[in-house]
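What follows is run.txt (compact mmCIF, C-alpha atoms).
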# COMPACT_ATOMS: atom_id res chain seq x y z
CA MET W 1 50.51 -192.52 69.03
CA LYS W 2 47.75 -195.05 69.64
CA CYS W 3 47.49 -197.94 67.22
CA PHE W 4 43.77 -198.70 66.97
CA LYS W 5 41.83 -201.08 64.83
CA THR W 6 38.26 -200.14 63.96
CA SER W 7 36.25 -199.36 67.07
CA SER W 8 33.57 -201.83 68.11
CA GLY W 9 32.10 -199.52 70.73
CA TYR W 10 28.75 -197.77 70.96
CA ASP W 11 29.79 -195.17 68.40
CA ALA W 12 30.99 -197.81 65.95
CA LYS W 13 30.32 -197.10 62.30
CA ILE W 14 27.70 -199.44 60.86
CA GLU W 15 26.71 -200.08 57.29
CA TYR W 16 24.15 -197.29 57.03
CA ILE W 17 22.26 -194.70 59.04
CA GLY W 18 19.04 -195.91 60.59
CA GLY W 19 15.64 -194.41 60.03
CA ALA W 20 14.81 -193.43 63.61
CA GLU W 21 17.74 -191.16 64.47
CA ALA W 22 15.60 -188.20 65.51
CA GLU W 23 13.10 -190.26 67.51
CA ALA W 24 15.90 -192.15 69.27
CA LYS W 25 17.69 -188.93 70.26
CA LEU W 26 14.50 -187.49 71.72
CA MET W 27 13.85 -190.66 73.72
CA ARG W 28 17.46 -190.91 74.91
CA ASP W 29 17.48 -187.28 76.05
CA LYS W 30 14.18 -187.80 77.86
CA ILE W 31 15.51 -190.84 79.71
CA LEU W 32 18.80 -189.18 80.66
CA ASN W 33 17.09 -186.06 81.99
CA THR W 34 14.31 -187.48 84.14
CA GLN W 35 13.47 -186.05 87.55
CA ASN W 36 14.78 -187.55 90.77
CA THR W 37 13.02 -190.49 92.32
CA GLU W 38 11.28 -188.70 95.18
CA ASP W 39 9.73 -186.35 92.61
CA ILE W 40 8.25 -189.34 90.77
CA TYR W 41 7.36 -191.93 93.41
CA GLU W 42 5.54 -191.57 96.71
CA ILE W 43 7.85 -192.65 99.51
CA LYS W 44 5.87 -193.77 102.55
CA GLY W 45 8.71 -194.89 104.77
CA ASN W 46 12.13 -193.55 105.68
CA LYS W 47 14.49 -191.95 103.17
CA TYR W 48 18.16 -192.87 103.31
CA TYR W 49 20.59 -190.71 101.32
CA ILE W 50 23.83 -192.35 100.16
CA ASN W 51 26.23 -189.61 99.13
CA LYS W 52 29.08 -190.09 96.67
CA ASN W 53 31.62 -190.53 99.48
CA MET W 54 29.74 -193.46 101.00
CA THR W 55 29.80 -197.11 99.92
CA VAL W 56 27.07 -199.67 99.38
CA ASP W 57 28.02 -201.01 102.81
CA ASP W 58 26.39 -197.85 104.18
CA ILE W 59 22.97 -198.99 102.95
CA PRO W 60 21.03 -199.75 106.15
CA ALA W 61 20.66 -203.44 106.90
CA ASP W 62 17.22 -203.03 108.49
CA LEU W 63 15.29 -201.55 105.56
CA LYS W 64 11.53 -201.98 105.75
CA PRO W 65 8.77 -201.96 103.13
CA GLY W 66 8.07 -198.37 102.13
CA ASP W 67 11.65 -197.19 102.69
CA ALA W 68 13.74 -195.60 99.94
CA VAL W 69 17.50 -195.61 99.41
CA LEU W 70 18.54 -192.63 97.29
CA PHE W 71 22.00 -192.37 95.73
CA GLU W 72 23.63 -189.04 94.93
CA ARG W 73 23.86 -188.10 91.28
CA GLY W 74 27.44 -187.95 90.05
CA GLY W 75 28.46 -190.76 92.40
CA LEU W 76 30.09 -194.04 91.36
CA TRP W 77 29.73 -197.33 93.22
CA ARG W 78 31.71 -200.37 92.11
CA ILE W 79 30.00 -203.67 92.80
CA PRO W 80 32.49 -206.53 93.23
CA CYS W 81 31.93 -209.78 91.37
CA ARG W 82 29.13 -211.88 92.87
CA GLU W 83 28.37 -209.22 95.49
CA ASN W 84 25.34 -207.81 93.74
CA VAL W 85 23.19 -205.19 95.42
CA ILE W 86 19.89 -206.74 96.51
CA ILE W 87 16.81 -204.52 96.83
CA PRO W 88 14.77 -205.90 99.75
CA GLU W 89 11.06 -206.48 99.38
CA GLY W 90 9.01 -203.29 99.39
CA VAL W 91 11.98 -200.90 99.00
CA ILE W 92 12.73 -198.18 96.42
CA PHE W 93 16.23 -197.51 95.06
CA GLY W 94 16.72 -194.26 93.19
CA SER W 95 18.49 -190.93 92.81
CA TYR W 96 18.81 -187.51 94.44
CA GLY W 97 20.84 -184.39 93.77
CA ASN W 98 22.13 -182.91 90.53
CA GLY W 99 24.16 -184.14 87.60
CA GLU W 100 24.50 -187.53 85.93
CA LYS W 101 22.55 -190.50 87.19
CA PRO W 102 24.27 -192.39 90.02
CA ARG W 103 26.48 -195.07 88.50
CA PHE W 104 26.86 -198.74 89.46
CA TYR W 105 29.76 -200.49 87.74
CA GLY W 106 30.51 -204.20 87.70
CA SER W 107 34.18 -203.49 87.04
CA ALA W 108 36.12 -203.72 90.30
CA ALA W 109 38.39 -200.79 89.36
CA ASN W 110 39.52 -198.54 86.56
CA PHE W 111 42.45 -200.57 85.31
CA ALA W 112 43.94 -197.82 83.13
CA LYS W 113 47.36 -196.70 84.32
CA ASP W 114 47.31 -199.57 86.81
CA THR W 115 50.95 -200.36 87.53
CA ASN W 116 50.03 -204.02 88.05
CA TRP W 117 49.93 -204.46 84.26
CA GLU W 118 53.06 -206.24 83.12
CA LYS W 119 54.41 -207.26 79.75
CA TYR W 120 53.91 -211.00 79.20
CA SER W 121 55.36 -210.97 75.69
CA GLU W 122 56.03 -208.41 72.97
CA ASN W 123 52.42 -207.25 72.44
CA ILE W 124 50.61 -209.06 75.25
CA TRP W 125 49.92 -207.48 78.62
CA LYS W 126 48.94 -209.33 81.78
CA ILE W 127 47.22 -208.39 85.03
CA HIS W 128 45.94 -210.37 88.01
CA LEU W 129 42.25 -209.75 88.69
CA PRO W 130 40.83 -209.25 92.19
CA THR W 131 37.83 -211.38 91.21
CA ARG W 132 37.07 -213.85 88.45
CA ASN W 133 35.56 -214.71 85.05
CA ALA W 134 36.13 -211.61 82.96
CA GLY W 135 33.60 -211.21 80.16
CA ILE W 136 33.87 -207.70 78.72
CA ILE W 137 36.58 -205.03 78.51
CA VAL W 138 35.73 -201.45 77.55
CA PHE W 139 38.52 -199.04 76.67
CA ASP W 140 38.06 -195.29 77.20
CA ASP W 141 34.40 -195.63 78.17
CA LYS W 142 33.12 -196.66 74.75
CA TYR W 143 35.93 -196.39 72.23
CA ALA W 144 36.67 -200.09 71.80
CA LEU W 145 35.62 -203.38 73.34
CA GLY W 146 37.74 -206.45 73.90
CA ASP W 147 37.37 -209.60 71.83
CA LYS W 148 37.32 -212.62 74.15
CA LYS W 149 39.43 -215.54 72.98
CA TRP W 150 39.50 -219.08 74.33
CA GLU W 151 43.23 -219.75 74.17
CA LEU W 152 46.23 -217.57 74.91
CA GLU W 153 47.76 -218.30 71.52
CA ASP W 154 44.67 -216.81 69.83
CA LEU W 155 45.60 -213.27 70.92
CA LYS W 156 46.63 -211.70 67.60
CA ALA W 157 44.95 -208.28 67.26
CA ASN W 158 44.53 -205.19 69.41
CA TYR W 159 41.91 -205.65 72.18
CA ASP W 160 41.89 -209.45 71.96
CA PHE W 161 41.86 -210.82 75.50
CA PHE W 162 42.09 -214.18 77.24
CA TYR W 163 41.00 -214.93 80.77
CA ASP W 164 42.78 -217.73 82.58
CA GLY W 165 40.41 -218.78 85.33
CA LYS W 166 42.85 -220.85 87.34
CA PRO W 167 45.39 -218.18 88.29
CA GLU W 168 42.74 -215.48 87.67
CA ASP W 169 44.92 -213.58 85.22
CA ILE W 170 43.78 -211.66 82.17
CA TYR W 171 45.90 -211.20 79.04
CA VAL W 172 45.31 -208.40 76.53
CA TYR W 173 46.89 -207.96 73.10
CA TYR W 174 47.82 -204.32 72.48
CA ASP W 175 50.76 -203.08 70.43
CA GLY W 176 50.89 -199.67 72.05
CA ASP W 177 51.49 -198.56 75.64
CA LEU W 178 48.58 -200.04 77.58
CA LEU W 179 49.69 -198.27 80.75
CA ASN W 180 49.43 -194.77 79.29
CA ASP W 181 47.25 -194.79 76.17
CA PHE W 182 43.88 -194.93 77.96
CA GLU W 183 42.06 -192.94 80.58
CA SER W 184 39.80 -195.85 81.50
CA ILE W 185 39.85 -199.62 81.14
CA GLU W 186 36.79 -201.27 82.66
CA ILE W 187 36.73 -205.05 83.03
CA GLY W 188 33.30 -206.55 83.67
CA GLN W 189 33.32 -209.80 85.58
CA ARG W 190 30.72 -212.48 86.17
CA GLY W 191 27.77 -211.43 88.31
CA ASP W 192 24.67 -209.26 88.23
CA ILE W 193 24.75 -205.73 89.59
CA ILE W 194 21.19 -205.29 90.92
CA THR W 195 18.82 -208.04 92.09
CA MET W 196 15.18 -207.16 92.72
CA ASN W 197 12.55 -208.74 94.94
CA SER W 198 8.77 -208.26 94.98
CA ASP W 199 7.25 -204.81 95.53
CA THR W 200 10.47 -203.01 94.59
CA VAL W 201 11.35 -200.03 92.42
CA LEU W 202 14.63 -199.26 90.66
CA ASP W 203 14.67 -195.76 89.21
CA ASN W 204 17.11 -193.29 87.69
CA VAL W 205 20.43 -195.12 87.94
CA CYS W 206 23.18 -195.98 85.43
CA ILE W 207 24.40 -199.59 85.33
CA ARG W 208 27.44 -200.65 83.32
CA TYR W 209 30.07 -203.36 82.95
CA ALA W 210 28.25 -206.35 84.41
CA ALA W 211 29.46 -209.51 82.71
CA SER W 212 26.30 -211.46 83.60
CA HIS W 213 23.17 -209.26 83.77
CA GLY W 214 22.65 -205.63 84.63
CA VAL W 215 19.39 -206.06 86.55
CA ALA W 216 17.65 -209.34 87.36
CA THR W 217 14.66 -210.33 89.45
CA GLU W 218 14.53 -213.21 91.84
CA HIS W 219 12.31 -216.06 90.67
CA ASN W 220 8.58 -215.41 90.31
CA MET W 221 8.48 -211.87 91.67
CA HIS W 222 5.48 -209.51 91.62
CA ASN W 223 5.09 -205.73 91.55
CA VAL W 224 8.55 -204.91 90.19
CA THR W 225 9.19 -201.55 88.51
CA ILE W 226 12.29 -200.45 86.58
CA THR W 227 12.16 -196.91 85.18
CA ASN W 228 14.37 -194.13 83.84
CA CYS W 229 17.60 -196.16 83.94
CA GLU W 230 20.63 -196.34 81.65
CA ILE W 231 22.00 -199.87 81.27
CA GLY W 232 24.92 -200.63 78.98
CA PHE W 233 27.97 -202.78 78.18
CA ILE W 234 26.55 -205.94 79.72
CA GLY W 235 27.49 -209.62 79.46
CA GLY W 236 30.26 -211.81 78.11
CA SER W 237 31.19 -213.98 81.10
CA LEU W 238 31.10 -217.73 80.82
CA GLN W 239 27.80 -219.45 81.62
CA PHE W 240 28.68 -223.03 80.62
CA ASP W 241 30.82 -224.62 77.92
CA ARG W 242 31.33 -221.60 75.62
CA VAL W 243 27.89 -220.11 76.20
CA ARG W 244 28.14 -216.58 77.59
CA PHE W 245 25.84 -214.27 79.54
CA GLY W 246 24.05 -211.76 79.46
CA ASN W 247 21.04 -209.45 79.39
CA GLY W 248 20.43 -205.84 80.34
CA ILE W 249 17.23 -206.63 82.27
CA GLU W 250 16.12 -210.20 83.00
CA VAL W 251 12.86 -211.32 84.62
CA LYS W 252 13.38 -214.91 85.75
CA ILE W 253 10.99 -217.87 85.94
CA GLY W 254 7.68 -216.08 86.25
CA GLY W 255 6.58 -212.59 87.18
CA GLN W 256 3.37 -210.67 87.79
CA ASN W 257 2.78 -206.95 87.44
CA ILE W 258 6.21 -206.11 86.06
CA THR W 259 6.86 -202.65 84.58
CA VAL W 260 10.00 -201.82 82.58
CA LYS W 261 9.52 -198.35 81.13
CA ASN W 262 11.51 -195.37 79.86
CA ASN W 263 14.93 -197.06 80.01
CA TRP W 264 17.91 -196.84 77.65
CA VAL W 265 19.54 -200.27 77.22
CA TYR W 266 22.49 -200.76 74.88
CA GLN W 267 25.47 -202.96 73.99
CA CYS W 268 24.34 -206.20 75.64
CA TYR W 269 25.93 -209.49 74.64
CA ASP W 270 22.52 -211.13 74.53
CA ALA W 271 19.14 -209.40 75.03
CA GLY W 272 18.38 -205.84 76.01
CA ILE W 273 15.27 -206.96 77.93
CA THR W 274 14.05 -210.52 78.48
CA PHE W 275 11.64 -212.64 80.44
CA GLN W 276 12.32 -216.35 80.41
CA SER W 277 11.98 -219.69 82.15
CA TRP W 278 13.94 -222.89 81.87
CA ASN W 279 13.11 -226.57 81.95
CA ASN W 280 14.02 -226.97 85.61
CA GLY W 281 10.71 -228.23 87.00
CA LYS W 282 9.42 -224.81 88.09
CA GLU W 283 6.11 -223.53 86.76
CA SER W 284 6.16 -219.98 85.46
CA ARG W 285 3.34 -217.54 84.95
CA TYR W 286 3.94 -214.18 83.33
CA HIS W 287 0.95 -211.92 83.96
CA ASP W 288 0.52 -208.18 83.46
CA ILE W 289 3.92 -207.32 82.02
CA ASP W 290 4.48 -203.82 80.61
CA PHE W 291 7.63 -203.27 78.56
CA SER W 292 7.07 -199.87 76.95
CA GLU W 293 8.80 -196.65 75.89
CA ASN W 294 12.27 -198.15 76.11
CA LEU W 295 15.18 -197.41 73.78
CA ILE W 296 17.20 -200.55 73.00
CA GLU W 297 20.31 -200.18 70.82
CA TYR W 298 23.18 -202.40 69.67
CA CYS W 299 22.05 -205.52 71.53
CA TYR W 300 22.10 -208.97 69.97
CA TYR W 301 18.37 -209.22 70.64
CA GLY W 302 16.09 -206.31 71.46
CA TYR W 303 13.42 -208.28 73.34
CA GLU W 304 13.78 -211.98 74.01
CA PHE W 305 11.16 -214.16 75.65
CA PHE W 306 10.62 -217.87 76.11
CA THR W 307 9.24 -220.31 78.64
CA THR W 308 9.14 -224.06 78.97
CA SER W 309 6.45 -226.06 77.20
CA ALA W 310 4.03 -228.40 78.94
CA LEU W 311 3.35 -229.96 75.54
CA ARG W 312 7.04 -230.77 75.35
CA GLY W 313 7.10 -232.40 78.75
CA GLY W 314 8.28 -229.38 80.73
CA PRO W 315 6.56 -227.61 83.62
CA TYR W 316 3.46 -225.54 83.01
CA SER W 317 3.93 -221.95 81.86
CA GLU W 318 1.77 -219.22 80.43
CA TYR W 319 1.67 -215.61 79.18
CA LYS W 320 -1.21 -213.29 79.99
CA ASN W 321 -1.52 -209.55 79.34
CA ILE W 322 1.96 -208.80 78.01
CA ASN W 323 2.43 -205.34 76.50
CA ILE W 324 5.47 -204.61 74.32
CA SER W 325 4.61 -201.21 72.90
CA ASP W 326 5.99 -197.78 71.98
CA ASN W 327 9.61 -198.90 72.13
CA ILE W 328 12.44 -198.06 69.73
CA ILE W 329 14.70 -201.03 68.96
CA ARG W 330 17.71 -200.20 66.79
CA PHE W 331 20.75 -201.87 65.26
CA SER W 332 20.19 -205.35 66.69
CA GLY W 333 23.30 -207.37 65.93
CA TYR W 334 25.53 -204.36 65.25
CA GLY W 335 26.94 -204.27 68.78
CA TRP W 336 30.11 -205.67 70.26
CA SER W 337 28.92 -209.24 70.73
CA HIS W 338 28.08 -210.18 67.14
CA GLU W 339 31.51 -211.28 65.96
CA GLN W 340 32.18 -213.06 69.25
CA ARG W 341 29.13 -215.31 69.21
CA PRO W 342 28.95 -218.86 67.84
CA ASP W 343 25.42 -218.14 66.52
CA LYS W 344 26.24 -215.03 64.52
CA TRP W 345 23.00 -214.89 62.51
CA MET W 346 20.33 -215.64 65.14
CA LEU W 347 20.16 -211.95 66.10
CA SER W 348 16.82 -210.13 65.91
CA HIS W 349 14.79 -207.23 67.21
CA ILE W 350 12.27 -209.72 68.66
CA ARG W 351 13.32 -213.22 69.67
CA GLY W 352 10.43 -215.49 70.64
CA GLY W 353 9.79 -219.15 71.13
CA GLN W 354 12.72 -221.48 71.86
CA TRP W 355 11.42 -224.19 74.16
CA ALA W 356 8.14 -222.32 74.58
CA TYR W 357 6.05 -222.24 71.43
CA MET W 358 3.59 -220.21 73.52
CA ASP W 359 1.24 -222.98 74.56
CA TYR W 360 -0.87 -220.81 76.86
CA CYS W 361 -0.99 -217.22 75.69
CA GLU W 362 -3.58 -214.50 76.16
CA GLY W 363 -3.22 -210.81 75.46
CA LEU W 364 0.34 -210.59 74.13
CA LYS W 365 0.57 -207.28 72.25
CA ILE W 366 3.48 -206.04 70.13
CA CYS W 367 2.22 -202.67 68.97
CA ASN W 368 3.40 -199.21 67.91
CA ASN W 369 7.11 -199.95 68.17
CA ILE W 370 9.87 -198.74 65.85
CA PHE W 371 12.10 -201.55 64.58
CA ASP W 372 15.14 -199.88 63.04
CA SER W 373 17.79 -201.77 61.09
CA ALA W 374 18.47 -205.32 62.21
CA ARG W 375 21.70 -206.84 60.97
CA ALA W 376 19.80 -209.98 60.01
CA TYR W 377 16.39 -210.96 61.39
CA ILE W 378 13.68 -208.48 62.21
CA ILE W 379 11.79 -211.29 63.96
CA HIS W 380 13.12 -214.73 64.88
CA TRP W 381 10.38 -216.84 66.42
CA TRP W 382 10.13 -220.61 66.70
CA TRP W 383 6.46 -221.38 66.33
CA HIS W 384 6.47 -225.13 66.68
CA ASP W 385 8.79 -228.10 66.88
CA GLU W 386 7.92 -231.11 64.77
CA ASN W 387 10.74 -233.12 66.31
CA LYS W 388 9.17 -232.76 69.78
CA ASN W 389 5.59 -233.19 68.57
CA VAL W 390 4.76 -229.61 69.54
CA ILE W 391 2.75 -228.30 66.61
CA HIS W 392 1.01 -224.92 66.27
CA PRO W 393 -0.05 -224.71 62.63
CA GLU W 394 -2.08 -221.56 63.11
CA ALA W 395 -1.30 -218.16 64.61
CA HIS W 396 -1.89 -217.88 68.33
CA GLU W 397 -5.18 -216.20 69.06
CA GLY W 398 -3.61 -214.51 72.05
CA LEU W 399 -1.09 -212.53 69.97
CA THR W 400 -1.74 -209.06 68.50
CA VAL W 401 0.84 -207.34 66.31
CA SER W 402 -0.05 -203.99 64.77
CA GLY W 403 0.98 -200.41 64.13
CA ASN W 404 4.74 -200.97 64.15
CA THR W 405 7.23 -199.04 62.01
CA TYR W 406 10.02 -200.87 60.18
CA TYR W 407 13.26 -199.49 58.74
CA GLN W 408 15.29 -202.23 57.12
CA LYS W 409 18.09 -202.79 54.64
CA LEU W 410 17.89 -205.85 52.41
CA SER W 411 20.23 -208.71 53.15
CA ASP W 412 23.38 -208.77 51.03
CA ASP W 413 23.92 -212.53 51.30
CA ASN W 414 20.40 -213.98 51.25
CA ARG W 415 20.08 -214.15 55.01
CA CYS W 416 16.58 -214.29 56.40
CA LEU W 417 14.73 -211.15 57.39
CA LEU W 418 11.92 -213.00 59.14
CA TYR W 419 11.63 -216.45 60.68
CA HIS W 420 8.04 -216.96 61.72
CA HIS W 421 5.74 -219.98 61.79
CA ASN W 422 8.97 -221.91 61.15
CA VAL W 423 9.21 -220.33 57.71
CA PRO W 424 12.42 -218.47 56.74
CA LEU W 425 11.61 -215.42 54.62
CA THR W 426 13.90 -213.15 52.60
CA ALA W 427 13.28 -210.15 50.38
CA ASN W 428 14.92 -208.77 47.25
CA ASP W 429 12.99 -205.52 46.82
CA GLU W 430 10.60 -203.17 48.60
CA ASN W 431 7.49 -205.11 47.62
CA GLU W 432 8.91 -208.35 48.95
CA LEU W 433 10.04 -206.63 52.14
CA THR W 434 6.48 -205.41 52.70
CA GLU W 435 5.11 -208.89 52.04
CA VAL W 436 7.58 -210.44 54.47
CA ILE W 437 6.81 -208.02 57.29
CA LYS W 438 3.06 -208.43 56.83
CA ARG W 439 3.44 -212.11 57.62
CA PHE W 440 4.13 -210.96 61.16
CA ASP W 441 2.42 -207.56 61.34
CA SER W 442 -0.73 -207.46 59.24
CA SER W 443 -1.25 -203.73 59.79
CA PRO W 444 2.14 -202.00 60.06
CA ARG W 445 2.25 -198.23 60.42
CA LYS W 446 5.15 -197.78 58.02
CA ILE W 447 7.73 -199.86 56.14
CA VAL W 448 10.82 -198.14 54.76
CA LEU W 449 13.46 -199.87 52.66
CA MET W 450 16.85 -198.47 53.64
CA LYS W 451 19.55 -198.12 50.98
Written form, structure tokens:
Amino acid sequence: MKCFKTSSGYDAKIEYIGGAEAEAKLMRDKILNTQNTEDIYEIKGNKYYINKNMTVDDIPADLKPGDAVLFERGGLWRIPCRENVIIPEGVIFGSYGNGEKPRFYGSAANFAKDTNWEKYSENIWKIHLPTRNAGIIVFDDKYALGDKKWELEDLKANYDFFYDGKPEDIYVYYDGDLLNDFESIEIGQRGDIITMNSDTVLDNVCIRYAASHGVATEHNMHNVTITNCEIGFIGGSLQFDRVRFGNGIEVKIGGQNITVKNNWVYQCYDAGITFQSWNNGKESRYHDIDFSENLIEYCYYGYEFFTTSALRGGPYSEYKNINISDNIIRFSGYGWSHEQRPDKWMLSHIRGGQWAYMDYCEGLKICNNIFDSARAYIIHWWWHDENKNVIHPEAHEGLTVSGNTYYQKLSDDNRCLLYHHNVPLTANDENELTEVIKRFDSSPRKIVLMK
């Protein structure tokens, strides 16, 4: 008899049913049932088929621009920590065959029924990891997710875990039979799974259990396309101090002509999809970015974006022609990471600003999306920073927000629903909710107060 506490997995019960259930199911089914890559993209070079009995070491080392590497549906490839798969410039990675999308897992093995588990104490189990920096544990695919603790003595409830980086051991609290109660235990460890260069395509794959990021670009890439993918259970490994990764899809320090479309991204510790730069001396230009028709569920942030600020003394950065449209973003903050974060109430469907304040922005559009049921903020956006003498008293002329649909429950404890222009806004009834949302979206398609 298993002894479970409440599940914190993808199917976890939340406070209420969202407003976009039907639309989300249609979009999810569409994404999961897309055609194979060679039916979608023109392949000008050689095609290399990696069947389910082959390994990623069988990917040719001499790939050339125009080539495609196609992985068999139903196959599973485990990507060891810090040995991410790199898509060379000009190459397509995708799927062939029948069945489920080809899977890439950041967990080195299925640790269920692994005889290397040993009892450390009465209810604490221990195993030595083949790699390092565990960030996420998923039991039985999606039933429950581990709660990372910082000290061994803090393990007190089922699924609590502690990673000891020096001997590379992991400890899990579980008062049942860990060896026999589960069919799968996946342990995501630090590292990305897929890294993309310029002129590359990633299509029709499933990526799970990366404790850093699922997919990331190299710095300042151009002509990058990510379509028809499933990306879930991402993040949790240590970045620095007690700050933890990670994002489903991350575009790093500049990018031009980037398309992220028709993907299902869920259960990320941080953002489902993000583009961002840091104050490291590198200029960043984000031009012609299309993030559209994606389904993002149970992430801490749906979309997150920020760059450095020249007005704040950082390197130059700018946004031009950014399209965030026709997406469905649901249950931000209701995923596994919320209770494990130090900043429990920063969550939002859209997270903007933070070190950026959008100094140079043209053609940023947030239109025709469905924002369904944030746990706290619908929008959290630093607009200016008086302490750093970076002041934007007026709305940015380069930003257009219109035609979005909002389903939202009122806050039970006076938390903000909108933080915009550095003004925290709450609502106590439907009229106030409408007023709050119109501070951000002057012409919303629909606003529904959820009970």
Using all atoms listed in the file, which protein or nucleic acid residues come within 7 Å of Gln189 of chain W? Drop anything in the same chain fewer than 3 positions from it, and give the result as a CSV table (one decimal) with C-alpha atoms, in the coordinates of the input.
chain,number,residue,atom,x,y,z
W,81,CYS,CA,31.9,-209.8,91.4
W,106,GLY,CA,30.5,-204.2,87.7
W,107,SER,CA,34.2,-203.5,87.0
W,132,ARG,CA,37.1,-213.8,88.4
W,133,ASN,CA,35.6,-214.7,85.0
W,134,ALA,CA,36.1,-211.6,83.0
W,135,GLY,CA,33.6,-211.2,80.2
W,210,ALA,CA,28.2,-206.4,84.4
W,211,ALA,CA,29.5,-209.5,82.7
W,237,SER,CA,31.2,-214.0,81.1
Checklist entry - Which distance in Å separates atom CA of Val69 of chain W and atom CA of Glu250 of chain W, to one decimal? => result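 Computing the Euclidean distance for atom CA of Val69 of chain W and atom CA of Glu250 of chain W yields 22.0 Å.
In this comparison, which uses all atoms listed in the file, the residue of W:Gly214, W:Gly19, W:Gly176, W:Gly254 approaching Lys119 of chain W most closely is W:Gly176.
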Next on the checklist: Rounded to one decimal, what separation in Å do you get between atom CA of Val448 of chain W and atom CA of Ala427 of chain W?
Outcome noted: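 These two atoms are separated by 13.0 Å.
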Item to check | Contact residues around Ile79 of chain W with all atoms listed in the file at 8 Å, ignoring same-chain residues under 5 positions, as a PyMOL selection string | outcome: chain W and resi 84-85+104-108+193
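The coordinates place atom CA of Gly235 of chain W at 12.3 Å from atom CA of His338 of chain W.
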Item to check | Neighbour residues at most 10 Å from (46.8, -211.2, 77.3) (all atoms listed in the file) as JSON, numbers by chain | outcome: {"W": [118, 119, 120, 121, 123, 124, 125, 126, 127, 149, 151, 152, 153, 154, 155, 156, 159, 160, 161, 162, 163, 164, 169, 170, 171, 172, 173, 174]}
Output C-alpha atoms of each residue in that selection to a file, as a compact mmCIF listing (two decimals), in the frame of the given file.
# COMPACT_ATOMS: atom_id res chain seq x y z
CA GLU W 118 53.06 -206.24 83.12
CA LYS W 119 54.41 -207.26 79.75
CA TYR W 120 53.91 -211.00 79.20
CA SER W 121 55.36 -210.97 75.69
CA ASN W 123 52.42 -207.25 72.44
CA ILE W 124 50.61 -209.06 75.25
CA TRP W 125 49.92 -207.48 78.62
CA LYS W 126 48.94 -209.33 81.78
CA ILE W 127 47.22 -208.39 85.03
CA LYS W 149 39.43 -215.54 72.98
CA GLU W 151 43.23 -219.75 74.17
CA LEU W 152 46.23 -217.57 74.91
CA GLU W 153 47.76 -218.30 71.52
CA ASP W 154 44.67 -216.81 69.83
CA LEU W 155 45.60 -213.27 70.92
CA LYS W 156 46.63 -211.70 67.60
CA TYR W 159 41.91 -205.65 72.18
CA ASP W 160 41.89 -209.45 71.96
CA PHE W 161 41.86 -210.82 75.50
CA PHE W 162 42.09 -214.18 77.24
CA TYR W 163 41.00 -214.93 80.77
CA ASP W 164 42.78 -217.73 82.58
CA ASP W 169 44.92 -213.58 85.22
CA ILE W 170 43.78 -211.66 82.17
CA TYR W 171 45.90 -211.20 79.04
CA VAL W 172 45.31 -208.40 76.53
CA TYR W 173 46.89 -207.96 73.10
CA TYR W 174 47.82 -204.32 72.48
Next on the checklist: Give me the residues near Leu63 of chain W as an MDAnalysis selection string, where near means some atom within 12 Å (using all atoms listed in the file) and where sequence neighbours in that chain fewer than 3 positions away do not count.
Outcome noted: chainID W and resid 45:48 58:60 66:69 86:93
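Counting all atoms listed in the file, the residue from W:Ala216, W:Ile322, W:Val243, W:Met221 that sits nearest to Trp150 of chain W is W:Val243.
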Checklist entry - Pick the closest to Gln408 of chain W from W:Asp147, W:Asp429, W:Asp62, W:Asp199: which is it, counting only C-alpha atoms? => result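 Checking each candidate against Gln408 of chain W, we get W:Asp429 as the closest.
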